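Colleague: Provided herewith is a single structure, encoded as structure tokens, for subsequent inquiry.
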Amino acid sequence: MIRVLFVCLGNICRSPMAEAVMRDLVEKRGLSAEIKIDSAGTSSWHIDEPPHKGTRAKLEEYKISTSGMKARQLRTSDVDFDYIVCMDASNVENTRNMLREDDNTKIIRFLDLTFHKKDVPDPWYTGDFQETYELCLDGCNALLERIMEARK
Ligand code: 4NP
């Protein structure tokens with residue numbers, strides 16, 4: 001079993017988008033029993049809230065479910081995940097500090113897996129949830145490749 005955790009600041013915009021997109025890809029490939037997916041925020045600001053309405057609307061547009069999802073904060077036991085995939089460089093830094101873990105093969109910046117090699121811009125500020133969706137899709141495809149490659 002491979003465990004993947006997506007991390008952003010609030011756990012309502014970017015990391016739930018990535019979680020839902022990744023779960024959808026994994027289900028479509030019949031890998032749900034082998035790859036478990038979760039998400040968390042470094043802040044406590046939105047604990048127990050559902051994904052942001054912009055994230056929900058975009059995922060609904062692509063027929064991807066957000067049912068049952070609610071925000072939680074990163075906790076020390078999250079260090080047990082195999083891949084801790086952060087949306088931007090500040091999330092990487094905060095995650096390393098909170099988990100007291102600096103293994104940079106475990107804690108990674110999401111789009112470093114892709115040709116984009118940049119932070120996922122925060123739609124909380126940009127309002128551009130289409131961009132978030134497209135970057136998450138690129139990142140999730142690359143992450144799935146990475147996981148399948150490592151399992152060989
Ligand atoms: P996220 O976006 O980290 O992608 O969930 C944000 C959500 C909320 C806030 C900032 C970013 N906030 O300031 O409350």
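By convention in this document, the chains of the structure tokens carry letters A, B, ... by their order, each chain's residues are numbered from 1, and ligands are numbered from 1 in the order they are shown.
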Which parts of chain A does DSSP call strand (DSSP E) when run on the backbone here, written out as a CSV table (one decimal) with C-alpha atoms, in the first residue's frame?

Modeller:
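Final file, out23.csv:
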chain,number,residue,atom,x,y,z
A,2,ILE,CA,1.3,3.4,-1.0
A,3,ARG,CA,0.0,6.4,0.9
A,4,VAL,CA,0.0,9.9,-0.6
A,5,LEU,CA,-0.7,13.1,1.3
A,6,PHE,CA,-1.3,16.5,-0.5
A,7,VAL,CA,-0.5,19.6,1.6
A,8,CYS,CA,-1.4,23.3,1.2
A,35,ILE,CA,-2.9,3.7,-3.4
A,36,LYS,CA,-4.5,5.7,-0.5
A,37,ILE,CA,-4.9,9.4,-0.8
A,38,ASP,CA,-5.5,12.2,1.8
A,39,SER,CA,-4.8,15.9,2.2
A,40,ALA,CA,-4.1,18.4,5.0
A,41,GLY,CA,-3.4,22.0,5.6
A,83,TYR,CA,4.7,10.8,-0.4
A,84,ILE,CA,4.0,14.2,1.1
A,85,VAL,CA,3.2,16.4,-1.8
A,86,CYS,CA,3.2,20.2,-1.1
A,107,ILE,CA,8.4,15.7,1.1
A,108,ILE,CA,8.3,17.2,-2.4
A,109,ARG,CA,7.0,20.3,-4.2

Colleague: Any residue with an atom at most 6 Å from ligand 1 counts, using only C-alpha atoms and all ligand atoms. Which are they? Put them as an NGL selection string.

Modeller: :A and (8-14 or 122 or 124)

Colleague: Would you mind listing what lies within 8 Å of Thr76 (chain A) as a JSON list (two decimals) with all heavy atoms, in the first residue's frame, with only C-alpha atoms counted and same-chain residues fewer than 2 positions away left out?

Modeller:
[["chain", "number", "residue", "atom", "x", "y", "z"],
["A", 74, "LEU", "N", -2.37, 19.41, 9.27],
["A", 74, "LEU", "CA", -1.25, 18.46, 9.27],
["A", 74, "LEU", "C", -0.90, 18.09, 10.71],
["A", 74, "LEU", "O", -0.92, 18.94, 11.60],
["A", 74, "LEU", "CB", -0.05, 19.18, 8.62],
["A", 74, "LEU", "CG", 1.19, 18.36, 8.31],
["A", 74, "LEU", "CD1", 0.91, 17.38, 7.17],
["A", 74, "LEU", "CD2", 2.35, 19.28, 7.93],
["A", 78, "ASP", "N", 1.56, 12.30, 10.34],
["A", 78, "ASP", "CA", 1.53, 12.33, 8.87],
["A", 78, "ASP", "C", 2.90, 12.02, 8.26],
["A", 78, "ASP", "O", 3.01, 11.75, 7.06],
["A", 78, "ASP", "CB", 1.02, 13.68, 8.35],
["A", 78, "ASP", "CG", -0.47, 13.87, 8.58],
["A", 78, "ASP", "OD1", -1.20, 12.85, 8.58],
["A", 78, "ASP", "OD2", -0.90, 15.02, 8.75],
["A", 79, "VAL", "N", 3.92, 12.03, 9.09],
["A", 79, "VAL", "CA", 5.26, 11.68, 8.60],
["A", 79, "VAL", "C", 5.29, 10.25, 8.06],
["A", 79, "VAL", "O", 6.17, 9.90, 7.27],
["A", 79, "VAL", "CB", 6.32, 11.91, 9.73],
["A", 79, "VAL", "CG1", 6.26, 10.81, 10.77],
["A", 79, "VAL", "CG2", 7.71, 12.08, 9.14],
["A", 98, "MET", "N", 7.02, 21.17, 10.73],
["A", 98, "MET", "CA", 5.97, 20.57, 11.57],
["A", 98, "MET", "C", 6.19, 19.08, 11.77],
["A", 98, "MET", "O", 5.88, 18.55, 12.83],
["A", 98, "MET", "CB", 4.58, 20.83, 10.95],
["A", 98, "MET", "CG", 4.17, 22.29, 11.03],
["A", 98, "MET", "SD", 2.66, 22.65, 10.09],
["A", 98, "MET", "CE", 1.39, 22.04, 11.19],
["A", 99, "LEU", "N", 6.72, 18.40, 10.76],
["A", 99, "LEU", "CA", 6.93, 16.95, 10.85],
["A", 99, "LEU", "C", 8.34, 16.60, 11.32],
["A", 99, "LEU", "O", 8.66, 15.43, 11.52],
["A", 99, "LEU", "CB", 6.65, 16.27, 9.50],
["A", 99, "LEU", "CG", 5.26, 16.46, 8.91],
["A", 99, "LEU", "CD1", 5.10, 15.63, 7.63],
["A", 99, "LEU", "CD2", 4.17, 16.10, 9.91]]

Colleague: Hey, could you make a per-residue contact list for region 17-118 of chain A against region 141-148 of chain A with 10 Å as the cut-off, showing the nearest pair of atoms and its distance in Å to one decimal, counting only C-alpha atoms, sorted by chain and number, as a tab-separated table?

Modeller:
residue	atom	partner	partner_atom	distance
A:Val21	CA	A:Asn141	CA	9.4
A:Met22	CA	A:Asn141	CA	7.9
A:Leu25	CA	A:Asn141	CA	7.9
A:Val26	CA	A:Leu144	CA	8.0
A:Ile35	CA	A:Ile147	CA	9.1
A:Asp82	CA	A:Ile147	CA	9.8
A:Tyr83	CA	A:Ile147	CA	9.1
A:Val85	CA	A:Leu143	CA	9.1
A:Phe110	CA	A:Leu143	CA	8.2
A:Leu111	CA	A:Ala142	CA	8.7
A:Asp112	CA	A:Ala142	CA	9.5
A:Leu113	CA	A:Ala142	CA	5.9
A:Thr114	CA	A:Ala142	CA	6.3
A:Phe115	CA	A:Ala142	CA	9.6

Colleague: When distances are computed from only C-alpha atoms, which of A:Gly139, A:Pro16, A:Gly127, A:Pro121 shows the smallest separation from Leu59 (chain A)?

Modeller: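 Answer, going by the shortest atom-to-atom distance: A:Pro16.
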
Colleague: List the neighbours of region 129-136 of chain A out to 7 Å using only C-alpha atoms; skip same-chain residues closer than 6 positions along the sequence, and give me the result as a short mmCIF file (atom, residue, chain, number, x, y, z; two decimals) with C-alpha atoms, in the first residue's frame.

Modeller:
data_model
loop_
_atom_site.label_atom_id
_atom_site.label_comp_id
_atom_site.auth_asym_id
_atom_site.auth_seq_id
_atom_site.Cartn_x
_atom_site.Cartn_y
_atom_site.Cartn_z
CA ARG A 14 -5.40 23.34 -3.83
CA MET A 17 -8.33 19.61 -5.70
CA ALA A 18 -5.21 17.43 -6.00
CA GLY A 54 -14.49 27.25 -6.46
CA THR A 55 -12.76 23.88 -6.03
CA LYS A 58 -14.48 23.01 -10.92
CA VAL A 120 0.78 25.93 -7.65
CA PRO A 123 -6.72 30.39 -6.24
#

Colleague: Quick one: distance from CA of Lys70 (chain A) to CA of Glu49 (chain A) in Å, one decimal?

Modeller: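 Calculated distance between CA of Lys70 (chain A) and CA of Glu49 (chain A) is 5.1 Å.
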
Colleague: Taking only C-alpha atoms into account, name the residue in A:Leu137, A:Ala57, A:Met69, A:Met1 that is nearest to Leu31 (chain A).

Modeller: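 Checking each of A:Leu137, A:Ala57, A:Met69, A:Met1 against Leu31 (chain A), counting only C-alpha atoms, the winner is A:Met1.
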
Colleague: Would you please extract all helix (DSSP H, G or I) residues from region 17-75 of chain A, as assigned by DSSP on the backbone, and give them as a list in words?

Modeller: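 Assigned to helix (DSSP H, G or I), within region 17-75 of chain A: Met17, Ala18, Glu19, Ala20, Val21, Met22, Arg23, Asp24, Leu25, Val26, Glu27, Lys28, Lys53, Gly54, Thr55, Arg56, Ala57, Lys58, Leu59, Glu60 and Glu61 of chain A.
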
Colleague: In terms of the shortest atom-to-atom distance over only C-alpha atoms, which of A:Lys117, A:Arg56, A:Lys63, A:Lys28 is closest to Asp138 (chain A)?

Modeller: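 Checking each candidate against Asp138 (chain A), we get A:Lys117 as the closest.
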
Colleague: Just give me the gap between CA of Glu101 (chain A) and CA of Thr42 (chain A) in Å, one decimal is fine.

Modeller: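 Separation of CA of Glu101 (chain A) and CA of Thr42 (chain A): 14.4 Å.
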
Colleague: I'd like the interatomic distance between CA of Lys152 (chain A) and CA of Val92 (chain A), to a tenth of an Å.

Modeller: 27.3 Å

Colleague: With distances taken over only C-alpha atoms, which residue among A:Arg75, A:Asp48, A:Tyr125, A:Asp119 lies nearest Arg96 (chain A)?

Modeller: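 Going through A:Arg75, A:Asp48, A:Tyr125, A:Asp119 one by one, the smallest distance to Arg96 (chain A) is for A:Arg75.
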
Colleague: Could you check the closest approach to Asp88 (chain A) for each of A:Lys118, A:Ser32, A:Trp45, A:Asp24 and tell me which residue wins, using only C-alpha atoms?

Modeller: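 Looking only at the distances to Asp88 (chain A), the closest residue turns out to be A:Lys118.
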
Colleague: So, counting only C-alpha atoms, which residue among A:His52, A:His46, A:Arg29, A:His116 is closest to Arg72 (chain A)?

Modeller: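 Smallest distance to Arg72 (chain A) is found for A:His46.
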